[in-house]
Every structure is written in C-alpha cells, then in structure tokens.
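Inspection log for the structure reproduced underneath, given as structure tokens.
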Amino acid sequence: MFKTIIVYESVYGNTKHIAEEIGKGVDTPGNIQVEVVKPSEIHTDQLLDYDAILLGCPNHNQKPANNLVKFIERASIVHPECKIGAAFDTYTGGNKGVALNKLEKIIKDKLPGIEFVMSGLSCKVEGRKGPLAEGEKEQAFEFGVRFAKKLQEDLEAS
Ligand SMILES: Cc1cc2nc3c(=O)[nH]c(=O)nc-3n(C[C@H](O)[C@H](O)[C@H](O)COP(=O)(O)O)c2cc1C
C-alpha cells in the first residue's frame, strides 16, 4: 500500500473541497492510502511516513496562505526525503497560478526532498467565499487520478 498525504489550508471551505476531490482521484487505483488534513491536524514528523505529499492553499494577497507557508517552514526541519509531490491553489478573478507558482518555489526551496511529478493545479472560486467555478471539482478529481498514476509508475520503477 502506498501512502499519500494532502495538506491544505482553507478559510471558507473551497480549497478543502479541492483537496478532498484530489484525494478521491488519488484513491481510485485502490492501492494508495490517502489522508487529507489541515496543518493543525498533523505533526511535521509524520510526513516521513508518506510516499507522496500534496500541498495546497488559497491565494491570499497574491501569495500562498500563511498557515501553509508556516507549516512548510516547520516541515523543513524534519527533512522529508525521496517524496513525490505536487501543489495546488484556489484564486479569484484573474489570478490563476499566481499563489501556486510562489507555493511551488517555497516547497522547492524549503523541502528539496519532494520531487514534483506534475504541474500544479489552480482552481477558480467565484468571489472570496466561493463557490468553486464550474468544472473545478472535476478538474481536481482528474488531477488526483493523474497523480496516482505518476506515483505508481515512480514507486514501481524504484
Ligand atoms: C485575506 C484574503 C486575501 C485574498 N487575496 C486574494 C488575492 O490577492 N488574489 C486572489 O485571487 N484571491 C484572493 N483572495 C480570495 C481567495 O483566494 C479565496 O477566498 C479562496 O480561494 C477561497 O478558498 P477557501 O474557501 O479555501 O478559503 C483573498 C482572500 C482572503 C481571505
């Protein structure tokens, strides 16, 4: 059984929905255990137990939400190595990928033991509180399915 953890931050619940949909997608092959948690629900030491780590949060003032960034900074102390990963964000208006790009840079800098196996996912919300724009939940599920395939290929090859 492979193990994946999805750590997300969410104020109004939209990024939580995206994290959960990604989790359902990752769960489809049946041999990957998936957990979806907020930073406050996991100790950074526990990251060492997983094969794959996904990290996602809303765009707050053109940056990744602070709680997730702080979690990544704390996680850097435990040096997770040889993990497979990807990132995601949610945004409003024309800010597709803005927080995501910064989040990916922070992860590469602070957690170099995570190898990105695919481009990140940026999901639109209609206004600050949501709801998610049409089609975004489906995109998130598909993202999870693709991630699961990459994870299996990578781990079976190693
Ligand atoms: C303090 C704050 C600042 C925000 N700044 C931006 C921003 O600069 N650009 C943007 O696209 N969305 C911005 N948003 C909207 C968030 O991206 C939106 O609330 C979020 O995607 C919803 O996700 P959630 O339900 O998981 O909290 C901001 C929201 C908050 C609460």
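Labeling convention for the structure tokens: chains A, B, ... as they appear, residues from 1 per chain, ligands from 1 in order of appearance.
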
Could you list, as a PyMOL selection string, all residues that come within 10 Å of ligand 1? Count only C-alpha atoms and all ligand atoms. chain A and resi 8-19+56-66+89-99+122-132

Enumerate, as an NGL selection string, the complete set of residues in chain A that a backbone-based DSSP assignment places in alpha helix (DSSP H). :A and (14-26 or 66-75 or 98-110 or 136-157)

Chain A: residues DSSP assigns to strand (DSSP E or B), reported as a PyMOL selection string: chain A and resi 2-8+32-37+52-60+63-64+83-91+114-116+121-125+132

For A:Val7, find every residue with an atom within 6 Å (counting only C-alpha atoms), except residues of its own chain fewer than 5 positions away, and show them as a ChimeraX atom specification. /A:37-38,55

Please provide the set of residues having any atom within 7 Å of A:Asp51, restricted to only C-alpha atoms, with same-chain residues fewer than 6 positions apart removed, written as a PyMOL selection string. chain A and resi 2-4+83-84

Store the residues picked out above in a file with all heavy atoms, as a JSON list (two decimals), in the first residue's frame.
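What follows is the written file selection_26.json:
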```json
[["chain", "number", "residue", "atom", "x", "y", "z"],
["A", 2, "PHE", "N", 0.70, 2.15, -0.98],
["A", 2, "PHE", "CA", 1.42, 3.42, -0.98],
["A", 2, "PHE", "C", 0.64, 4.41, -0.11],
["A", 2, "PHE", "O", -0.58, 4.30, 0.03],
["A", 2, "PHE", "CB", 1.53, 3.98, -2.40],
["A", 2, "PHE", "CG", 2.20, 3.05, -3.37],
["A", 2, "PHE", "CD1", 1.69, 2.87, -4.65],
["A", 2, "PHE", "CD2", 3.35, 2.36, -3.01],
["A", 2, "PHE", "CE1", 2.30, 2.01, -5.55],
["A", 2, "PHE", "CE2", 3.97, 1.50, -3.90],
["A", 2, "PHE", "CZ", 3.45, 1.32, -5.18],
["A", 3, "LYS", "N", 1.38, 5.40, 0.41],
["A", 3, "LYS", "CA", 0.71, 6.35, 1.31],
["A", 3, "LYS", "C", 0.88, 7.78, 0.82],
["A", 3, "LYS", "O", 2.00, 8.22, 0.54],
["A", 3, "LYS", "CB", 1.32, 6.22, 2.71],
["A", 3, "LYS", "CG", 0.93, 4.94, 3.41],
["A", 3, "LYS", "CD", 1.52, 4.86, 4.81],
["A", 3, "LYS", "CE", 0.75, 5.72, 5.78],
["A", 3, "LYS", "NZ", 1.32, 5.66, 7.15],
["A", 4, "THR", "N", -0.24, 8.49, 0.72],
["A", 4, "THR", "CA", -0.23, 9.88, 0.28],
["A", 4, "THR", "C", -0.90, 10.76, 1.33],
["A", 4, "THR", "O", -1.93, 10.39, 1.88],
["A", 4, "THR", "CB", -1.02, 10.03, -1.04],
["A", 4, "THR", "OG1", -0.34, 9.32, -2.06],
["A", 4, "THR", "CG2", -1.15, 11.48, -1.47],
["A", 83, "LYS", "N", 10.38, 12.00, -1.58],
["A", 83, "LYS", "CA", 8.92, 12.06, -1.65],
["A", 83, "LYS", "C", 8.52, 12.57, -3.03],
["A", 83, "LYS", "O", 9.24, 13.34, -3.66],
["A", 83, "LYS", "CB", 8.34, 13.00, -0.59],
["A", 83, "LYS", "CG", 8.83, 12.77, 0.82],
["A", 83, "LYS", "CD", 8.41, 11.45, 1.38],
["A", 83, "LYS", "CE", 8.93, 11.26, 2.80],
["A", 83, "LYS", "NZ", 8.86, 9.86, 3.23],
["A", 84, "ILE", "N", 7.34, 12.14, -3.44],
["A", 84, "ILE", "CA", 6.78, 12.62, -4.70],
["A", 84, "ILE", "C", 5.73, 13.67, -4.34],
["A", 84, "ILE", "O", 5.03, 13.51, -3.33],
["A", 84, "ILE", "CB", 6.18, 11.43, -5.45],
["A", 84, "ILE", "CG1", 7.33, 10.56, -5.94],
["A", 84, "ILE", "CG2", 5.29, 11.87, -6.60],
["A", 84, "ILE", "CD1", 6.90, 9.19, -6.31]]
```

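Interatomic distance, atom CA of A:Ala148 against atom CA of A:Ile42: 21.9 Å.
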
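Ranking A:Ile32, A:Leu54, A:Ala133, A:Ile77 by their shortest atom-to-atom distance to A:Gln152, with only C-alpha atoms included, puts A:Ile32 first.
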
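Candidate residues A:Leu155, A:Gly23, A:Lys70, A:Ala86 were compared for distance to A:Ser40, and the nearest is A:Lys70, using only C-alpha atoms.
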
Residues near stretch 110-120 of chain A, anyone? I mean within 7 Å using only C-alpha atoms, not counting same-chain ones fewer than 2 positions away, as JSON, numbers by chain. {"A": [72, 73, 76, 79, 80, 81, 82, 83, 84, 85, 86, 87, 88, 100, 106, 107, 108, 122, 150]}

Write the residues you've just listed into a file as a short mmCIF file (atom, residue, chain, number, x, y, z; two decimals), in the first residue's frame, and include C-alpha atoms for each of them.
```cif
data_model
loop_
_atom_site.label_atom_id
_atom_site.label_comp_id
_atom_site.auth_asym_id
_atom_site.auth_seq_id
_atom_site.Cartn_x
_atom_site.Cartn_y
_atom_site.Cartn_z
CA ILE A 72 6.25 24.12 5.18
CA GLU A 73 8.84 26.08 7.15
CA SER A 76 11.80 21.76 6.53
CA HIS A 79 13.93 16.90 6.02
CA PRO A 80 11.44 14.65 4.24
CA GLU A 81 13.45 12.87 1.51
CA CYS A 82 12.54 10.92 -1.62
CA LYS A 83 8.92 12.06 -1.65
CA ILE A 84 6.78 12.62 -4.70
CA GLY A 85 4.69 15.75 -4.72
CA ALA A 86 2.50 18.37 -6.33
CA ALA A 87 0.84 21.61 -5.30
CA PHE A 88 -2.48 23.38 -5.82
CA LEU A 100 0.60 28.34 -6.88
CA ILE A 106 8.69 27.79 -1.46
CA ILE A 107 8.34 24.00 -1.46
CA LYS A 108 11.37 23.55 -3.75
CA SER A 122 -5.01 26.23 -9.88
CA LYS A 150 2.61 9.03 -11.61
#
```

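Going from atom CA of A:Ile22 over to atom CA of A:Glu138, you cover 9.1 Å.
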
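Going from atom CA of A:Ala140 over to atom CA of A:Asp45, you cover 27.1 Å.
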
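Proximity of A:Leu121, A:Ile53, A:Leu48, A:Leu103 to A:Val78, computed with only C-alpha atoms, is greatest for A:Leu48.
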